[in-house]
>>> print(open('final-v1.cif').read())   # mmCIF, C-alpha atoms
data_coords
#
loop_
_atom_site.label_atom_id
_atom_site.label_comp_id
_atom_site.auth_asym_id
_atom_site.auth_seq_id
_atom_site.Cartn_x
_atom_site.Cartn_y
_atom_site.Cartn_z
CA ASN A 1 2.62 17.59 -11.74
CA ALA A 2 -0.47 15.44 -12.06
CA GLY A 3 1.16 12.74 -9.92
CA VAL A 4 -0.20 9.25 -10.51
CA THR A 5 -3.28 9.05 -12.70
CA GLN A 6 -5.50 6.04 -13.30
CA THR A 7 -8.26 5.45 -15.80
CA PRO A 8 -11.04 4.50 -15.71
CA LYS A 9 -12.35 5.27 -12.22
CA PHE A 10 -15.15 2.73 -12.47
CA GLN A 11 -15.63 -0.26 -14.76
CA VAL A 12 -18.12 -3.09 -15.02
CA LEU A 13 -17.12 -6.17 -17.02
CA LYS A 14 -18.80 -9.42 -17.87
CA THR A 15 -17.02 -12.67 -17.11
CA GLY A 16 -14.56 -13.50 -19.86
CA GLN A 17 -14.10 -9.97 -21.14
CA SER A 18 -10.65 -8.42 -21.25
CA MET A 19 -9.61 -4.89 -20.49
CA THR A 20 -6.65 -2.70 -19.62
CA LEU A 21 -6.39 -0.46 -16.60
CA GLN A 22 -4.23 2.53 -17.37
CA CYS A 23 -1.67 4.06 -15.02
CA ALA A 24 0.64 6.97 -15.71
CA GLN A 25 2.99 9.11 -13.65
CA ASP A 26 4.80 12.30 -14.54
CA MET A 27 7.38 12.32 -11.75
CA ASN A 28 10.05 10.30 -13.62
CA HIS A 29 9.76 7.53 -11.06
CA GLU A 30 11.59 4.29 -11.71
CA TYR A 31 9.40 2.08 -9.58
CA MET A 32 5.75 1.38 -10.34
CA SER A 33 3.38 -1.21 -8.97
CA TRP A 34 -0.18 -2.45 -9.02
CA TYR A 35 -2.18 -3.49 -5.96
CA ARG A 36 -5.66 -4.77 -5.42
CA GLN A 37 -7.53 -3.86 -2.26
CA ASP A 38 -10.15 -6.21 -0.85
CA PRO A 39 -11.98 -5.92 2.49
CA GLY A 40 -10.06 -7.62 5.30
CA MET A 41 -7.11 -8.44 3.05
CA GLY A 42 -5.34 -5.11 2.80
CA LEU A 43 -3.43 -4.34 -0.35
CA ARG A 44 -1.94 -7.21 -2.26
CA LEU A 45 0.82 -6.68 -4.77
CA ILE A 46 -0.06 -7.89 -8.25
CA HIS A 47 2.95 -6.87 -10.36
CA TYR A 48 5.72 -4.34 -10.08
CA SER A 49 8.41 -2.77 -12.19
CA VAL A 50 11.78 -1.36 -11.15
CA GLY A 51 12.28 0.42 -14.46
CA ALA A 52 11.31 0.54 -18.11
CA GLY A 53 11.47 -2.91 -19.67
CA ILE A 54 11.59 -4.71 -16.31
CA THR A 55 8.59 -6.27 -14.59
CA ASP A 56 8.14 -8.90 -11.93
CA GLN A 57 5.36 -10.74 -10.19
CA GLY A 58 3.96 -9.83 -6.82
CA GLU A 59 1.80 -11.85 -4.45
CA VAL A 60 -1.25 -12.37 -6.70
CA PRO A 61 -0.18 -12.18 -10.37
CA ASN A 62 -2.47 -14.83 -11.86
CA GLY A 63 -4.95 -13.49 -14.41
CA TYR A 64 -3.04 -10.22 -14.90
CA ASN A 65 -0.37 -9.07 -17.31
CA VAL A 66 1.79 -5.95 -17.28
CA SER A 67 4.35 -4.28 -19.46
CA ARG A 68 6.61 -1.26 -18.99
CA SER A 69 7.62 0.13 -22.35
CA THR A 70 8.11 3.66 -21.01
CA THR A 71 9.02 5.16 -17.65
CA GLU A 72 5.67 6.95 -17.46
CA ASP A 73 3.17 4.19 -18.18
CA PHE A 74 2.40 0.88 -16.48
CA PRO A 75 -0.84 -0.65 -17.78
CA LEU A 76 -2.47 -3.65 -16.13
CA ARG A 77 -4.26 -6.10 -18.41
CA LEU A 78 -7.00 -8.48 -17.36
CA LEU A 79 -6.92 -11.29 -19.89
CA SER A 80 -10.27 -12.95 -19.12
CA ALA A 81 -12.14 -11.27 -16.29
CA ALA A 82 -13.53 -13.37 -13.47
CA PRO A 83 -15.83 -12.40 -10.56
CA SER A 84 -12.88 -13.02 -8.20
CA GLN A 85 -11.19 -10.01 -9.79
CA THR A 86 -13.87 -7.67 -8.50
CA SER A 87 -11.82 -5.25 -6.43
CA VAL A 88 -10.37 -1.77 -6.16
CA TYR A 89 -7.10 -1.47 -8.04
CA PHE A 90 -4.40 1.00 -7.06
CA CYS A 91 -1.36 1.95 -9.04
CA ALA A 92 1.63 3.42 -7.20
CA SER A 93 4.99 4.87 -8.11
CA SER A 94 8.18 5.72 -6.29
CA TYR A 95 11.52 7.28 -7.17
CA THR A 96 13.14 3.95 -6.47
CA MET A 97 12.67 0.99 -4.19
CA THR A 98 15.74 -0.84 -3.02
CA ALA A 99 17.03 -2.11 0.26
CA VAL A 100 19.27 0.95 0.49
CA GLY A 101 16.26 3.05 1.13
CA GLY A 102 12.75 2.86 -0.09
CA TYR A 103 11.14 6.13 -1.01
CA GLU A 104 7.54 7.11 -0.43
CA GLN A 105 5.10 5.50 -2.79
CA TYR A 106 2.57 7.82 -4.39
CA PHE A 107 -0.78 6.20 -5.00
CA GLY A 108 -3.28 6.86 -7.73
CA PRO A 109 -6.99 7.42 -6.99
CA GLY A 110 -7.93 3.83 -7.78
CA THR A 111 -10.14 1.96 -10.23
CA ARG A 112 -13.22 0.21 -8.88
CA LEU A 113 -13.80 -2.88 -11.01
CA THR A 114 -16.87 -5.10 -10.88
CA VAL A 115 -17.00 -8.37 -12.80
CA THR A 116 -20.46 -9.91 -13.19
CA ALA B 1 7.46 -15.96 1.92
CA GLN B 2 7.53 -12.46 3.26
CA SER B 3 4.38 -11.41 5.07
CA VAL B 4 3.09 -8.59 7.24
CA SER B 5 0.50 -9.15 9.96
CA GLN B 6 -1.70 -6.62 11.66
CA HIS B 7 -3.46 -8.21 14.59
CA ASN B 8 -6.14 -5.62 15.20
CA HIS B 9 -8.77 -5.59 12.47
CA HIS B 10 -11.02 -2.95 13.98
CA VAL B 11 -10.22 -0.64 16.88
CA ILE B 12 -12.75 1.70 18.47
CA LEU B 13 -11.52 4.49 20.74
CA SER B 14 -12.86 7.63 22.31
CA GLU B 15 -11.19 10.95 21.59
CA ALA B 16 -8.08 11.60 23.69
CA ALA B 17 -7.45 7.88 24.22
CA SER B 18 -4.01 6.51 23.42
CA LEU B 19 -3.50 4.34 20.35
CA GLU B 20 -1.22 1.43 19.61
CA LEU B 21 -1.63 -0.66 16.47
CA GLY B 22 0.39 -3.82 16.14
CA CYS B 23 2.44 -4.83 13.11
CA ASN B 24 4.71 -7.85 12.69
CA TYR B 25 6.69 -8.87 9.63
CA SER B 26 8.19 -12.22 8.75
CA TYR B 27 11.15 -11.24 6.61
CA GLY B 28 14.50 -11.74 8.33
CA GLY B 29 16.83 -9.78 6.07
CA THR B 30 17.26 -6.07 5.59
CA VAL B 31 13.82 -4.58 5.66
CA ASN B 32 12.34 -1.15 5.43
CA LEU B 33 9.04 -0.48 7.16
CA PHE B 34 6.18 1.90 6.53
CA TRP B 35 2.85 2.94 7.92
CA TYR B 36 0.23 4.29 5.53
CA VAL B 37 -3.18 5.79 6.26
CA GLN B 38 -6.30 5.74 4.09
CA TYR B 39 -8.99 8.24 5.05
CA PRO B 40 -12.55 7.42 3.94
CA GLY B 41 -12.89 7.76 0.18
CA GLN B 42 -9.25 8.68 -0.32
CA HIS B 43 -6.12 6.88 -1.44
CA LEU B 44 -3.18 5.89 0.73
CA GLN B 45 -0.84 8.45 2.24
CA LEU B 46 2.48 7.85 3.98
CA LEU B 47 2.48 8.39 7.76
CA LEU B 48 6.07 7.43 8.53
CA LYS B 49 8.89 5.12 7.49
CA TYR B 50 11.90 3.36 8.98
CA PHE B 51 15.09 2.54 7.08
CA SER B 52 17.89 2.55 9.66
CA GLY B 53 19.19 4.40 12.71
CA ASP B 54 16.96 5.47 15.58
CA PRO B 55 14.33 2.75 15.95
CA LEU B 56 11.78 5.30 17.14
CA VAL B 57 10.50 7.21 14.15
CA LYS B 58 8.15 10.15 14.15
CA GLY B 59 5.68 10.84 11.40
CA ILE B 60 3.02 13.30 10.50
CA LYS B 61 -0.01 14.23 12.63
CA GLY B 62 1.62 13.16 15.92
CA PHE B 63 2.11 9.51 14.99
CA GLU B 64 5.23 7.55 15.87
CA ALA B 65 6.37 3.96 15.49
CA GLU B 66 9.02 1.83 17.13
CA PHE B 67 11.07 -0.77 15.29
CA ILE B 68 11.96 -3.72 17.53
CA LYS B 69 14.16 -6.04 15.49
CA SER B 70 14.14 -8.89 18.03
CA LYS B 71 10.35 -8.99 17.92
CA PHE B 72 10.02 -8.33 14.17
CA SER B 73 7.59 -5.59 15.13
CA PHE B 74 6.84 -2.04 14.03
CA ASN B 75 3.93 -0.82 16.13
CA LEU B 76 2.23 2.50 15.49
CA ARG B 77 1.40 4.79 18.39
CA LYS B 78 -0.30 8.08 19.10
CA PRO B 79 -0.71 9.48 22.62
CA SER B 80 -4.10 11.11 22.07
CA VAL B 81 -6.34 10.36 19.09
CA GLN B 82 -8.79 12.73 17.48
CA TRP B 83 -12.01 12.11 15.61
CA SER B 84 -10.16 13.07 12.41
CA ASP B 85 -7.86 10.06 12.87
CA THR B 86 -10.73 7.79 11.87
CA ALA B 87 -9.26 5.87 8.94
CA GLU B 88 -7.76 2.58 7.89
CA TYR B 89 -4.09 2.07 8.74
CA PHE B 90 -1.73 -0.18 6.82
CA CYS B 91 1.69 -1.45 7.82
CA ALA B 92 4.06 -2.40 4.97
CA ALA B 93 7.50 -3.97 4.62
CA LEU B 94 9.94 -3.60 1.73
CA ASN B 95 12.43 -6.37 1.09
CA GLN B 96 15.70 -6.35 -0.80
CA GLY B 97 14.01 -7.52 -3.96
CA GLY B 98 11.91 -4.39 -4.12
CA LYS B 99 8.62 -5.97 -3.11
CA LEU B 100 6.48 -3.79 -0.85
CA ILE B 101 4.09 -6.06 1.03
CA PHE B 102 1.13 -4.68 3.01
CA GLY B 103 -0.64 -6.00 6.06
CA GLN B 104 -4.38 -6.59 6.15
CA GLY B 105 -5.12 -3.16 7.55
CA THR B 106 -6.63 -1.92 10.81
CA GLU B 107 -9.78 0.13 10.77
CA LEU B 108 -9.72 2.81 13.46
CA SER B 109 -12.96 4.44 14.57
CA VAL B 110 -12.67 7.38 16.97
CA LYS B 111 -15.83 8.40 18.80
CA PRO B 112 -16.21 12.12 19.45
#
>>> encode(input="final-v1.cif", output="structure tokens")
Amino acid sequence: NAGVTQTPKFQVLKTGQSMTLQCAQDMNHEYMSWYRQDPGMGLRLIHYSVGAGITDQGEVPNGYNVSRSTTEDFPLRLLSAAPSQTSVYFCASSYTMTAVGGYEQYFGPGTRLTVT
Amino acid sequence: AQSVSQHNHHVILSEAASLELGCNYSYGGTVNLFWYVQYPGQHLQLLLKYFSGDPLVKGIKGFEAEFIKSKFSFNLRKPSVQWSDTAEYFCAALNQGGKLIFGQGTELSVKP
């Protein structure tokens, strides 16, 4: 198993450009999520998905779109990049995530994005 | 809104000292709690988790945490830290809606 993979590892964008961060997992996990990590702010949930075709907003969804057409893939789209979106982005997946019992989340290696 | 607070932003200890990192959550319903660790240059790894039952949970590498429902707390402890424990530690809470919310993180530096 490759686990959770993310591409690219590094990206520099100009303000106003759009791009898609890719995330894939090969563990047949239902739950996938995107976080951004900023110094002193921990990880903040951007969007998450509890299964194919189902997505929901997290704490900081503005400026980002997601879709979940397959179980394996959960791309994150930046519609019009802004300097405030400079961050490290982590994708994570889990077998499931309900109040009955959350399972361990597996994190990808991250994408370091700089918006100038 | 659900939130998780970690009160210590940066902790500096000498090897063999005892560690306790604070974590408080605001959600009042059924909640599952986690501690993750991020070693320098690496991604997050699970240390331990609490779902139900014994409020004292043991994790990997000698870490443990105690869930105190009345205090909305889930503090992380280790009796004797090592230089290799230098990392950033994150507390997280999962609510019934499936949202996993992280605290701000605590950077631990262990001096050899």
>>> resolve_selection(input="final-v1.cif", expression="the PyMOL selection byres ((chain A and resi 84) around 10)", output="NGL selection string")
:A and (15 or 81-83 or 85-87 or 114-116)
>>> interface_residues(input="final-v1.cif", of="chain B", to="chain A", cutoff="8 Å", atoms="all atoms listed in the file", output="list in words")
His9, Thr30, Val31, Asn32, Gln42, His43, Leu44, Gln45, Leu46, Phe51, Phe90, Leu94, Asn95, Gln96, Gly97, Gly98, Lys99, Leu100, Ile101, Phe102, Gly103, Gln104 and Gly105 of chain B
>>> resolve_selection(input="final-v1.cif", expression="the PyMOL selection byres ((chain B and resi 26) around 8)", output="list in words")
Ala1, Gln2, Ser3, Val4, Asn24, Tyr25, Tyr27, Gly28 and Phe72 of chain B
>>> atom_distance(input="final-v1.cif", atom1="atom CA of B:Glu107", atom2="atom CA of A:Ser94")
25.4 Å
>>> closest_residue(input="final-v1.cif", among="B:Ala92, B:Cys23, B:Val110, B:Val37", to="B:Leu76", atoms="only C-alpha atoms")
B:Cys23
>>> atom_distance(input="final-v1.cif", atom1="atom CA of B:Glu88", atom2="atom CA of B:Gln6")
11.6 Å
>>> resolve_selection(input="final-v1.cif", expression="the PyMOL selection byres ((chain A and resi 111) around 8)", output="mmCIF file with C-alpha atoms, keeping the file's coordinate frame")
data_model
loop_
_atom_site.group_PDB
_atom_site.id
_atom_site.type_symbol
_atom_site.label_atom_id
_atom_site.label_comp_id
_atom_site.auth_asym_id
_atom_site.auth_seq_id
_atom_site.Cartn_x
_atom_site.Cartn_y
_atom_site.Cartn_z
ATOM 1 C CA GLN A 6 -5.500 6.040 -13.300
ATOM 2 C CA THR A 7 -8.260 5.450 -15.800
ATOM 3 C CA PRO A 8 -11.040 4.500 -15.710
ATOM 4 C CA LYS A 9 -12.350 5.270 -12.220
ATOM 5 C CA PHE A 10 -15.150 2.730 -12.470
ATOM 6 C CA GLN A 11 -15.630 -0.260 -14.760
ATOM 7 C CA LEU A 21 -6.390 -0.460 -16.600
ATOM 8 C CA VAL A 88 -10.370 -1.770 -6.160
ATOM 9 C CA TYR A 89 -7.100 -1.470 -8.040
ATOM 10 C CA PHE A 90 -4.400 1.000 -7.060
ATOM 11 C CA PRO A 109 -6.990 7.420 -6.990
ATOM 12 C CA GLY A 110 -7.930 3.830 -7.780
ATOM 13 C CA ARG A 112 -13.220 0.210 -8.880
ATOM 14 C CA LEU A 113 -13.800 -2.880 -11.010
#
>>> atom_distance(input="final-v1.cif", atom1="atom CA of B:Ser5", atom2="atom CA of B:Cys91")
8.1 Å
>>> residues_around(input="final-v1.cif", residues="A:Gln25", least_positions_apart="5", cutoff="8 Å", atoms="all atoms listed in the file", output="list in words")
Ala2, Gly3, Val4, Thr5, Glu72, Asp73 and Ser93 of chain A
>>> write_last_selection(input="final-v1.cif", atoms="C-alpha atoms", output="short mmCIF file (atom, residue, chain, number, x, y, z; two decimals), in the frame of the given file")
data_model
loop_
_atom_site.label_atom_id
_atom_site.label_comp_id
_atom_site.auth_asym_id
_atom_site.auth_seq_id
_atom_site.Cartn_x
_atom_site.Cartn_y
_atom_site.Cartn_z
CA ALA A 2 -0.47 15.44 -12.06
CA GLY A 3 1.16 12.74 -9.92
CA VAL A 4 -0.20 9.25 -10.51
CA THR A 5 -3.28 9.05 -12.70
CA GLU A 72 5.67 6.95 -17.46
CA ASP A 73 3.17 4.19 -18.18
CA SER A 93 4.99 4.87 -8.11
#
>>> closest_residue(input="final-v1.cif", among="B:Val81, B:Lys61, B:Ala93, B:Asn75", to="B:Ser14", atoms="all atoms listed in the file")
B:Val81
>>> residues_around(input="final-v1.cif", residues="B:Lys49", least_positions_apart="3", cutoff="7 Å", atoms="all atoms listed in the file", output="PDB file with C-alpha atoms, in the coordinates of the input")
ATOM      1  CA  LEU B  33       9.040  -0.480   7.160  1.00  0.00           C
ATOM      2  CA  PHE B  34       6.180   1.900   6.530  1.00  0.00           C
ATOM      3  CA  TRP B  35       2.850   2.940   7.920  1.00  0.00           C
TER       4      TRP B  35
END
>>> closest_residue(input="final-v1.cif", among="A:Thr55, A:Pro61, A:Ser69, A:Tyr95", to="A:Asp26", atoms="only C-alpha atoms")
A:Tyr95
>>> build_atoms(input="final-v1.cif", residues="stretch 50-61 of chain A", atoms="all heavy atoms", output="PDB file, in the frame of the given file")
ATOM      1  N   VAL A  50      10.713  -2.200 -11.706  1.00  0.00           N
ATOM      2  CA  VAL A  50      11.780  -1.360 -11.150  1.00  0.00           C
ATOM      3  C   VAL A  50      12.370  -0.430 -12.208  1.00  0.00           C
ATOM      4  O   VAL A  50      13.312   0.310 -11.926  1.00  0.00           O
ATOM      5  CB  VAL A  50      12.885  -2.208 -10.497  1.00  0.00           C
ATOM      6  CG1 VAL A  50      12.315  -3.005  -9.331  1.00  0.00           C
ATOM      7  CG2 VAL A  50      13.546  -3.116 -11.502  1.00  0.00           C
ATOM      8  N   GLY A  51      11.828  -0.481 -13.409  1.00  0.00           N
ATOM      9  CA  GLY A  51      12.280   0.420 -14.460  1.00  0.00           C
ATOM     10  C   GLY A  51      11.710  -0.011 -15.798  1.00  0.00           C
ATOM     11  O   GLY A  51      11.153  -1.111 -15.923  1.00  0.00           O
ATOM     12  N   ALA A  52      11.840   0.846 -16.788  1.00  0.00           N
ATOM     13  CA  ALA A  52      11.310   0.540 -18.110  1.00  0.00           C
ATOM     14  C   ALA A  52      11.915  -0.762 -18.631  1.00  0.00           C
ATOM     15  O   ALA A  52      13.127  -0.980 -18.541  1.00  0.00           O
ATOM     16  CB  ALA A  52      11.613   1.684 -19.070  1.00  0.00           C
ATOM     17  N   GLY A  53      11.047  -1.629 -19.125  1.00  0.00           N
ATOM     18  CA  GLY A  53      11.470  -2.910 -19.670  1.00  0.00           C
ATOM     19  C   GLY A  53      11.622  -4.019 -18.659  1.00  0.00           C
ATOM     20  O   GLY A  53      11.923  -5.159 -19.014  1.00  0.00           O
ATOM     21  N   ILE A  54      11.399  -3.714 -17.376  1.00  0.00           N
ATOM     22  CA  ILE A  54      11.590  -4.710 -16.310  1.00  0.00           C
ATOM     23  C   ILE A  54      10.312  -4.825 -15.488  1.00  0.00           C
ATOM     24  O   ILE A  54       9.829  -3.831 -14.932  1.00  0.00           O
ATOM     25  CB  ILE A  54      12.738  -4.304 -15.366  1.00  0.00           C
ATOM     26  CG1 ILE A  54      14.015  -4.038 -16.152  1.00  0.00           C
ATOM     27  CG2 ILE A  54      12.969  -5.385 -14.315  1.00  0.00           C
ATOM     28  CD1 ILE A  54      15.107  -3.380 -15.328  1.00  0.00           C
ATOM     29  N   THR A  55       9.763  -6.033 -15.442  1.00  0.00           N
ATOM     30  CA  THR A  55       8.590  -6.270 -14.590  1.00  0.00           C
ATOM     31  C   THR A  55       8.792  -7.557 -13.814  1.00  0.00           C
ATOM     32  O   THR A  55       9.593  -8.418 -14.213  1.00  0.00           O
ATOM     33  CB  THR A  55       7.293  -6.370 -15.419  1.00  0.00           C
ATOM     34  OG1 THR A  55       7.391  -7.508 -16.287  1.00  0.00           O
ATOM     35  CG2 THR A  55       7.057  -5.115 -16.245  1.00  0.00           C
ATOM     36  N   ASP A  56       8.054  -7.693 -12.737  1.00  0.00           N
ATOM     37  CA  ASP A  56       8.140  -8.900 -11.930  1.00  0.00           C
ATOM     38  C   ASP A  56       6.812  -9.140 -11.239  1.00  0.00           C
ATOM     39  O   ASP A  56       5.986  -8.223 -11.114  1.00  0.00           O
ATOM     40  CB  ASP A  56       9.257  -8.786 -10.896  1.00  0.00           C
ATOM     41  CG  ASP A  56       9.811 -10.150 -10.499  1.00  0.00           C
ATOM     42  OD1 ASP A  56       9.154 -11.186 -10.807  1.00  0.00           O
ATOM     43  OD2 ASP A  56      10.872 -10.201  -9.872  1.00  0.00           O
ATOM     44  N   GLN A  57       6.623 -10.377 -10.809  1.00  0.00           N
ATOM     45  CA  GLN A  57       5.360 -10.740 -10.190  1.00  0.00           C
ATOM     46  C   GLN A  57       5.346 -10.393  -8.713  1.00  0.00           C
ATOM     47  O   GLN A  57       6.359 -10.467  -8.029  1.00  0.00           O
ATOM     48  CB  GLN A  57       5.125 -12.251 -10.355  1.00  0.00           C
ATOM     49  CG  GLN A  57       4.962 -12.683 -11.788  1.00  0.00           C
ATOM     50  CD  GLN A  57       4.698 -14.172 -11.898  1.00  0.00           C
ATOM     51  OE1 GLN A  57       4.864 -14.926 -10.948  1.00  0.00           O
ATOM     52  NE2 GLN A  57       4.268 -14.605 -13.070  1.00  0.00           N
ATOM     53  N   GLY A  58       4.157 -10.066  -8.234  1.00  0.00           N
ATOM     54  CA  GLY A  58       3.960  -9.830  -6.820  1.00  0.00           C
ATOM     55  C   GLY A  58       3.339 -11.038  -6.156  1.00  0.00           C
ATOM     56  O   GLY A  58       3.641 -12.180  -6.495  1.00  0.00           O
ATOM     57  N   GLU A  59       2.420 -10.771  -5.220  1.00  0.00           N
ATOM     58  CA  GLU A  59       1.800 -11.850  -4.450  1.00  0.00           C
ATOM     59  C   GLU A  59       0.686 -12.569  -5.225  1.00  0.00           C
ATOM     60  O   GLU A  59       0.488 -13.772  -5.061  1.00  0.00           O
ATOM     61  CB  GLU A  59       1.173 -11.283  -3.178  1.00  0.00           C
ATOM     62  CG  GLU A  59       2.123 -10.574  -2.235  1.00  0.00           C
ATOM     63  CD  GLU A  59       1.343  -9.855  -1.144  1.00  0.00           C
ATOM     64  OE1 GLU A  59       0.967  -8.684  -1.367  1.00  0.00           O
ATOM     65  OE2 GLU A  59       1.105 -10.454  -0.081  1.00  0.00           O
ATOM     66  N   VAL A  60      -0.051 -11.816  -6.040  1.00  0.00           N
ATOM     67  CA  VAL A  60      -1.250 -12.370  -6.700  1.00  0.00           C
ATOM     68  C   VAL A  60      -1.244 -12.046  -8.189  1.00  0.00           C
ATOM     69  O   VAL A  60      -2.112 -11.322  -8.686  1.00  0.00           O
ATOM     70  CB  VAL A  60      -2.537 -11.857  -6.014  1.00  0.00           C
ATOM     71  CG1 VAL A  60      -2.719 -12.487  -4.648  1.00  0.00           C
ATOM     72  CG2 VAL A  60      -2.536 -10.336  -5.913  1.00  0.00           C
ATOM     73  N   PRO A  61      -0.306 -12.575  -8.966  1.00  0.00           N
ATOM     74  CA  PRO A  61      -0.180 -12.180 -10.370  1.00  0.00           C
ATOM     75  C   PRO A  61      -1.117 -12.896 -11.338  1.00  0.00           C
ATOM     76  O   PRO A  61      -1.297 -12.427 -12.474  1.00  0.00           O
ATOM     77  CB  PRO A  61       1.266 -12.554 -10.686  1.00  0.00           C
ATOM     78  CG  PRO A  61       1.519 -13.745  -9.807  1.00  0.00           C
ATOM     79  CD  PRO A  61       0.741 -13.487  -8.541  1.00  0.00           C
TER      80      PRO A  61
END
